[in-house]
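S.K.: Enclosed is the structure file protein17.cif (mmCIF, C-alpha atoms).
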```cif
data_data
#
loop_
_atom_site.label_atom_id
_atom_site.label_comp_id
_atom_site.auth_asym_id
_atom_site.auth_seq_id
_atom_site.Cartn_x
_atom_site.Cartn_y
_atom_site.Cartn_z
CA MET A 1 20.34 -8.50 -4.98
CA LYS A 2 16.99 -6.99 -5.96
CA VAL A 3 13.93 -8.65 -4.42
CA LEU A 4 10.34 -7.95 -5.47
CA ILE A 5 7.38 -9.13 -3.41
CA ILE A 6 4.01 -9.05 -5.16
CA VAL A 7 0.90 -9.04 -2.94
CA ALA A 8 -2.72 -8.94 -4.08
CA MET A 9 -4.64 -8.01 -0.93
CA GLU A 10 -4.06 -5.03 1.32
CA LYS A 11 -5.00 -7.02 4.44
CA GLU A 12 -2.09 -9.38 3.70
CA THR A 13 0.53 -6.61 3.72
CA LYS A 14 0.62 -4.93 7.15
CA ALA A 15 2.51 -7.72 8.89
CA LEU A 16 4.89 -7.99 5.91
CA ILE A 17 5.65 -4.27 5.98
CA ASP A 18 6.24 -4.35 9.74
CA GLN A 19 8.31 -7.56 9.71
CA LEU A 20 10.57 -6.44 6.88
CA SER A 21 10.79 -2.82 8.10
CA LEU A 22 9.59 -1.45 4.76
CA ASP A 23 8.71 2.19 4.14
CA ILE A 24 6.52 3.69 1.46
CA ALA A 25 8.78 4.16 -1.54
CA PRO A 26 9.55 7.67 -2.86
CA ALA A 27 7.62 8.99 -5.84
CA ASP A 28 10.28 7.96 -8.36
CA GLN A 29 9.97 4.32 -7.21
CA GLN A 30 6.19 4.19 -7.47
CA LEU A 31 4.60 2.72 -10.58
CA SER A 32 2.56 4.49 -13.23
CA ASP A 33 0.36 7.32 -11.97
CA VAL A 34 -2.68 5.67 -13.52
CA LEU A 35 -2.27 2.54 -11.37
CA ALA A 36 -3.74 2.52 -7.88
CA THR A 37 -0.74 0.52 -6.61
CA LYS A 38 1.49 1.14 -3.62
CA VAL A 39 5.20 0.32 -3.59
CA TYR A 40 7.16 -0.12 -0.36
CA HIS A 41 10.94 -0.34 -0.16
CA ARG A 42 13.94 -1.05 1.99
CA ASN A 43 17.64 -0.97 1.19
CA ILE A 44 19.99 -3.06 3.30
CA GLY A 45 23.63 -3.19 2.25
CA SER A 46 23.81 -4.16 -1.42
CA HIS A 47 20.23 -5.44 -1.39
CA ASP A 48 16.96 -3.74 -2.28
CA ILE A 49 13.57 -5.10 -1.26
CA TRP A 50 10.43 -3.81 -2.93
CA LEU A 51 6.86 -4.79 -2.15
CA THR A 52 4.17 -3.95 -4.70
CA LEU A 53 0.57 -4.02 -3.52
CA SER A 54 -1.69 -4.72 -6.49
CA GLY A 55 -3.99 -1.79 -5.70
CA LYS A 56 -7.70 -1.06 -5.93
CA ASP A 57 -9.98 -1.57 -8.89
CA PRO A 58 -10.56 1.74 -10.76
CA VAL A 59 -14.36 1.30 -10.70
CA HIS A 60 -14.97 -0.87 -7.63
CA GLN A 61 -12.56 1.08 -5.47
CA GLU A 62 -13.15 -0.79 -2.21
CA VAL A 63 -11.92 -4.00 -3.83
CA ASP A 64 -8.31 -5.15 -4.27
CA CYS A 65 -7.10 -6.12 -7.74
CA ILE A 66 -7.01 -9.84 -7.03
CA GLY A 67 -6.82 -12.76 -9.45
CA SER A 68 -5.76 -12.02 -13.01
CA LEU A 69 -6.00 -8.28 -12.27
CA ILE A 70 -2.60 -8.54 -10.59
CA GLN A 71 -0.87 -9.01 -13.94
CA LEU A 72 -0.60 -5.31 -14.73
CA ALA A 73 1.07 -4.48 -11.40
CA THR A 74 3.43 -7.44 -11.89
CA TYR A 75 4.42 -6.33 -15.38
CA GLU A 76 4.98 -2.70 -14.37
CA SER A 77 7.02 -3.79 -11.33
CA ILE A 78 9.29 -5.98 -13.43
CA LEU A 79 9.86 -3.16 -15.91
CA LYS A 80 10.57 -0.71 -13.09
CA PHE A 81 12.87 -2.77 -10.87
CA SER A 82 14.21 -5.72 -12.95
CA PRO A 83 14.27 -7.85 -9.79
CA ASP A 84 16.55 -10.85 -9.40
CA ILE A 85 13.98 -12.60 -7.21
CA ILE A 86 10.19 -12.37 -7.44
CA ILE A 87 8.08 -13.62 -4.54
CA ASN A 88 4.31 -13.89 -4.78
CA ALA A 89 3.32 -13.75 -1.11
CA GLY A 90 -0.24 -14.45 -0.09
CA THR A 91 -2.85 -16.76 1.32
CA ALA A 92 -4.33 -19.87 -0.26
CA GLY A 93 -7.01 -22.48 0.21
CA ALA A 94 -6.02 -25.99 1.27
CA VAL A 95 -7.31 -29.11 -0.48
CA TYR A 96 -8.21 -31.41 2.40
CA ALA A 97 -8.64 -34.45 0.14
CA ALA A 98 -5.04 -34.00 -1.08
CA GLY A 99 -3.63 -33.94 2.45
CA ALA A 100 -3.07 -30.19 2.77
CA GLU A 101 -3.24 -28.51 6.17
CA LYS A 102 -4.63 -25.19 7.32
CA HIS A 103 -2.35 -22.46 8.69
CA LYS A 104 0.77 -23.93 7.12
CA VAL A 105 3.47 -22.40 4.89
CA TYR A 106 3.90 -23.82 1.39
CA LEU A 107 6.14 -23.03 -1.57
CA GLY A 108 4.48 -23.73 -4.91
CA ASN A 109 5.94 -26.26 -7.34
CA THR A 110 3.39 -25.80 -10.13
CA ALA A 111 1.66 -22.91 -11.91
CA MET A 112 -1.59 -24.10 -13.45
CA SER A 113 -5.35 -23.52 -13.46
CA HIS A 114 -8.38 -25.75 -12.98
CA ASP A 115 -11.39 -23.59 -13.89
CA LEU A 116 -10.74 -22.48 -17.50
CA HIS A 117 -12.35 -24.98 -19.84
CA PHE A 118 -12.18 -25.71 -23.58
CA PRO A 119 -13.62 -28.69 -25.48
CA GLU A 120 -11.56 -31.82 -26.09
CA SER A 121 -11.52 -30.88 -29.77
CA ASP A 122 -9.39 -27.79 -28.98
CA PRO A 123 -6.25 -29.24 -27.33
CA LYS A 124 -4.07 -26.17 -27.93
CA HIS A 125 -6.41 -23.87 -26.00
CA ARG A 126 -6.97 -26.54 -23.36
CA ASP A 127 -3.21 -26.54 -22.77
CA LEU A 128 -3.20 -22.73 -22.62
CA ALA A 129 -6.05 -22.76 -20.09
CA LEU A 130 -4.24 -25.30 -17.93
CA GLY A 131 -1.01 -23.30 -18.07
CA ASN A 132 1.30 -25.77 -16.37
CA TYR A 133 4.10 -23.22 -16.64
CA PRO A 134 7.63 -23.98 -15.43
CA VAL A 135 8.60 -22.72 -11.98
CA THR A 136 11.93 -22.37 -10.21
CA ASP A 137 12.86 -25.53 -8.28
CA GLU A 138 12.68 -24.43 -4.64
CA SER A 139 12.49 -27.90 -3.08
CA GLU A 140 15.87 -27.49 -1.34
CA LEU A 141 14.91 -24.10 0.05
CA ALA A 142 11.59 -25.49 1.29
CA VAL A 143 13.30 -28.35 3.14
CA THR A 144 15.96 -26.04 4.60
CA LEU A 145 13.37 -23.64 6.02
CA GLY A 146 10.87 -26.27 7.13
CA PHE A 147 8.20 -25.47 4.54
CA GLU A 148 6.40 -27.84 2.17
CA TRP A 149 6.93 -27.67 -1.58
CA ALA A 150 3.55 -28.51 -3.09
CA PRO A 151 1.38 -28.11 -6.21
CA ILE A 152 -0.73 -24.93 -6.53
CA SER A 153 -3.67 -24.49 -8.86
CA THR A 154 -4.99 -21.00 -9.60
CA THR A 155 -8.68 -20.15 -9.83
CA GLY A 156 -10.75 -17.07 -10.56
CA SER A 157 -13.55 -17.99 -8.17
CA MET A 158 -14.27 -18.80 -4.53
CA LEU A 159 -16.76 -21.40 -5.82
CA THR A 160 -15.69 -24.70 -7.38
CA THR A 161 -17.85 -26.31 -10.05
CA ASP A 162 -17.93 -30.07 -10.62
CA ASP A 163 -15.80 -29.70 -13.78
CA ALA A 164 -13.30 -27.57 -11.89
CA LYS A 165 -13.13 -30.15 -9.10
CA GLN A 166 -12.26 -32.85 -11.63
CA GLN A 167 -9.47 -30.73 -13.12
CA LEU A 168 -8.23 -29.76 -9.65
CA LYS A 169 -7.89 -33.44 -8.81
CA ALA A 170 -6.11 -34.07 -12.13
CA ASN A 171 -3.70 -31.26 -11.26
CA GLN A 172 -2.91 -33.09 -7.99
CA ALA A 173 -3.02 -29.70 -6.30
CA LYS A 174 -2.73 -29.27 -2.56
CA LEU A 175 -3.32 -25.52 -2.68
CA VAL A 176 -5.72 -23.19 -4.48
CA ASP A 177 -4.89 -19.52 -4.97
CA MET A 178 -6.04 -16.72 -7.28
CA GLU A 179 -2.83 -15.14 -8.62
CA TRP A 180 0.19 -17.40 -9.00
CA LYS A 181 -0.36 -18.76 -12.54
CA TYR A 182 -1.08 -15.27 -13.83
CA ILE A 183 2.11 -13.89 -12.27
CA VAL A 184 4.22 -16.68 -13.76
CA HIS A 185 2.65 -16.00 -17.16
CA VAL A 186 3.84 -12.38 -16.95
CA ILE A 187 7.35 -13.39 -15.84
CA LEU A 188 7.70 -15.82 -18.72
CA ARG A 189 6.54 -13.25 -21.26
CA CYS A 190 9.14 -10.82 -19.91
CA SER A 191 11.80 -13.54 -20.21
CA ARG A 192 11.64 -13.29 -23.98
CA ASP A 193 14.35 -10.63 -23.63
CA LYS A 194 16.59 -13.10 -21.73
CA TYR A 195 15.39 -11.77 -18.38
CA THR A 196 15.46 -14.80 -16.11
CA PRO A 197 14.65 -14.03 -12.47
CA ARG A 198 14.24 -16.58 -9.74
CA TYR A 199 10.56 -16.70 -8.80
CA MET A 200 8.47 -18.45 -6.19
CA ALA A 201 5.05 -18.56 -4.56
CA VAL A 202 4.93 -18.36 -0.76
CA LYS A 203 1.48 -19.20 0.55
CA VAL A 204 -0.09 -19.71 3.96
CA THR A 205 -3.33 -21.68 3.95
CA THR A 206 -6.42 -20.09 5.49
CA ASP A 207 -9.25 -22.52 4.73
CA PHE A 208 -10.24 -25.92 3.41
CA ILE A 209 -11.94 -25.59 0.06
CA ASP A 210 -13.50 -29.05 0.38
CA ALA A 211 -14.15 -29.52 4.12
CA GLY A 212 -15.66 -27.69 7.06
CA ASP A 213 -17.64 -24.46 6.89
CA CYS A 214 -17.91 -22.20 3.86
CA PRO A 215 -14.35 -21.48 2.60
CA GLN A 216 -15.04 -17.72 2.62
CA SER A 217 -16.05 -17.88 6.31
CA GLN A 218 -12.92 -19.88 7.14
CA PHE A 219 -10.77 -17.41 5.22
CA GLU A 220 -12.24 -14.38 6.99
CA ALA A 221 -11.79 -16.01 10.41
CA SER A 222 -8.15 -16.87 9.66
CA ILE A 223 -7.35 -13.35 8.44
CA ALA A 224 -9.11 -11.74 11.40
CA ASP A 225 -7.03 -13.83 13.81
CA GLY A 226 -3.84 -12.24 12.49
CA ASN A 227 -1.60 -15.28 12.92
CA VAL A 228 -1.77 -16.25 9.24
CA THR A 229 -0.45 -12.90 8.03
CA LYS A 230 2.28 -13.08 10.69
CA GLN A 231 3.21 -16.55 9.41
CA LEU A 232 3.39 -15.17 5.89
CA ALA A 233 5.61 -12.29 6.97
CA GLY A 234 7.91 -14.58 8.93
CA ALA A 235 8.21 -16.97 5.98
CA CYS A 236 9.17 -14.14 3.61
CA GLN A 237 11.75 -12.88 6.08
CA LYS A 238 13.36 -16.33 6.34
CA ILE A 239 13.44 -16.73 2.56
CA ILE A 240 15.02 -13.34 1.91
CA GLU A 241 17.55 -13.78 4.71
CA LYS A 242 18.56 -17.22 3.40
CA ILE A 243 18.82 -16.25 -0.26
CA CYS A 244 20.49 -12.88 0.26
CA GLY A 245 22.62 -13.82 3.26
CA ILE A 246 21.34 -10.94 5.39
CA LYS A 247 19.58 -10.36 8.67
CA LEU A 248 16.55 -8.14 8.27
CA LEU A 249 17.24 -6.05 11.33
CA LYS A 250 17.98 -2.36 10.88
CA ASP A 251 21.67 -1.69 10.22
CA SER A 252 22.56 -5.38 10.40
CA VAL A 253 24.14 -7.22 7.43
CA MET A 254 25.96 -10.53 7.09
CA SER A 255 27.61 -12.04 4.02
CA GLY A 256 26.88 -15.25 2.18
CA SER A 257 23.97 -16.69 0.18
CA LEU A 258 22.22 -19.95 -0.61
#
```
Could you show the structure in this file as structure tokens?
M.R.:
Amino acid sequence: MKVLIIVAMEKETKALIDQLSLDIAPADQQLSDVLATKVYHRNIGSHDIWLTLSGKDPVHQEVDCIGSLIQLATYESILKFSPDIIINAGTAGAVYAAGAEKHKVYLGNTAMSHDLHFPESDPKHRDLALGNYPVTDESELAVTLGFEWAPISTTGSMLTTDDAKQQLKANQAKLVDMEWKYIVHVILRCSRDKYTPRYMAVKVTTDFIDAGDCPQSQFEASIADGNVTKQLAGACQKIIEKICGIKLLKDSVMSGSL
């Protein structure tokens, strides 16, 4: 089994790398030289685990390639590794009004946006903006591992306009992230060649986008605490162990799969 984890932000990766015992991949497993990405790897039995970190912007080099900028790293990773399973691991905002909770693990059951707008007279582009792309049904996995399977809506901004709030409510989203819809878009475009991986979003919530202090302040406090990134790493470990039928301890393998 070949597993690919896609992560946007460098600060989200340290706990993942430690938890999964990943090492920096050799040069022939890195992506294009022109991309400022980093690929980490681990082989365990018949399974390979890769983690691709989206990398830094070529101009604004202190900034991670978040949001739609992650598409290029996703595409190159799929071409390079042809993974059987793709996991977008990261943090997300929680929609308090929809009943979401902070510091909780969710698996995403939608891939849509709420902040790309076209007039009512242009329904085709309105549908494209919304996305509403199909995702793998991971409801059973979520129940088995004690996670919640919930709607995610992807945004390009930390700020939410009134129009975006209306669409977010229409999407019935519990979570807001910045990458998932864009990653699914890439996967579906690659599937034109009958490539059909299993793919999922694994998110841990860091802030309420509609309650409490400024969402950015909540996010920074949650990341600084360290527990959120540990939750994310632990969730990814459980998912990979369950799907692949392995124990992610060095030199330890067991058979079976979900």
S.K.: I need the residue nearest Asp177 in chain A from this list: A:Ala235, A:Val228, A:Met200, A:Met112. Use all atoms listed in the file for the distance.
M.R.: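 Of all the options, A:Met112 lies closest to Asp177 in chain A.
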S.K.: Check which residues satisfy the PyMOL selection byres ((chain A and resi 181) around 7) in the file shown, then give them as an MDAnalysis selection string.
M.R.: chainID A and resid 111:113 154 179:180 182:185
S.K.: Name the residues captured by the PyMOL selection byres ((chain A and resi 108) around 9) when it is applied to the shown file; answer as a PyMOL selection string.
M.R.: chain A and resi 106-107+109-111+135+138+148-152+175+180+200-203
S.K.: Show me, as a short mmCIF file (atom, residue, chain, number, x, y, z; two decimals) with C-alpha atoms, in the frame of the given file, the residues that have an atom within 10 Å of range 57-62 of chain A when counting all atoms listed in the file, minus same-chain residues fewer than 3 positions from it.
M.R.:
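Generated file (selection.cif):
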```
data_model
loop_
_atom_site.label_atom_id
_atom_site.label_comp_id
_atom_site.auth_asym_id
_atom_site.auth_seq_id
_atom_site.Cartn_x
_atom_site.Cartn_y
_atom_site.Cartn_z
CA VAL A 34 -2.68 5.67 -13.52
CA LEU A 35 -2.27 2.54 -11.37
CA ALA A 36 -3.74 2.52 -7.88
CA THR A 37 -0.74 0.52 -6.61
CA SER A 54 -1.69 -4.72 -6.49
CA CYS A 65 -7.10 -6.12 -7.74
CA ILE A 66 -7.01 -9.84 -7.03
CA LEU A 69 -6.00 -8.28 -12.27
#
```
S.K.: Any chance you could work out the residue set of the PyMOL selection byres ((chain A and resi 171) around 8) here, as number ranges by chain?
M.R.: A: 112, 114, 151, 153, 167-170, 172-173
S.K.: When distances are computed from only C-alpha atoms, which of A:Val105, A:Leu232, A:Leu116, A:Ala129 shows the smallest separation from Ala164 in chain A?
M.R.: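 Once distances to Ala164 in chain A are computed over only C-alpha atoms, the minimum belongs to A:Leu116.
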S.K.: Find, counting only C-alpha atoms, the residue in A:Lys242, A:Lys165, A:His117, A:Arg42 that gets nearest to Leu130 in chain A.
M.R.: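 That would be A:His117, the residue with the smallest distance to Leu130 in chain A.
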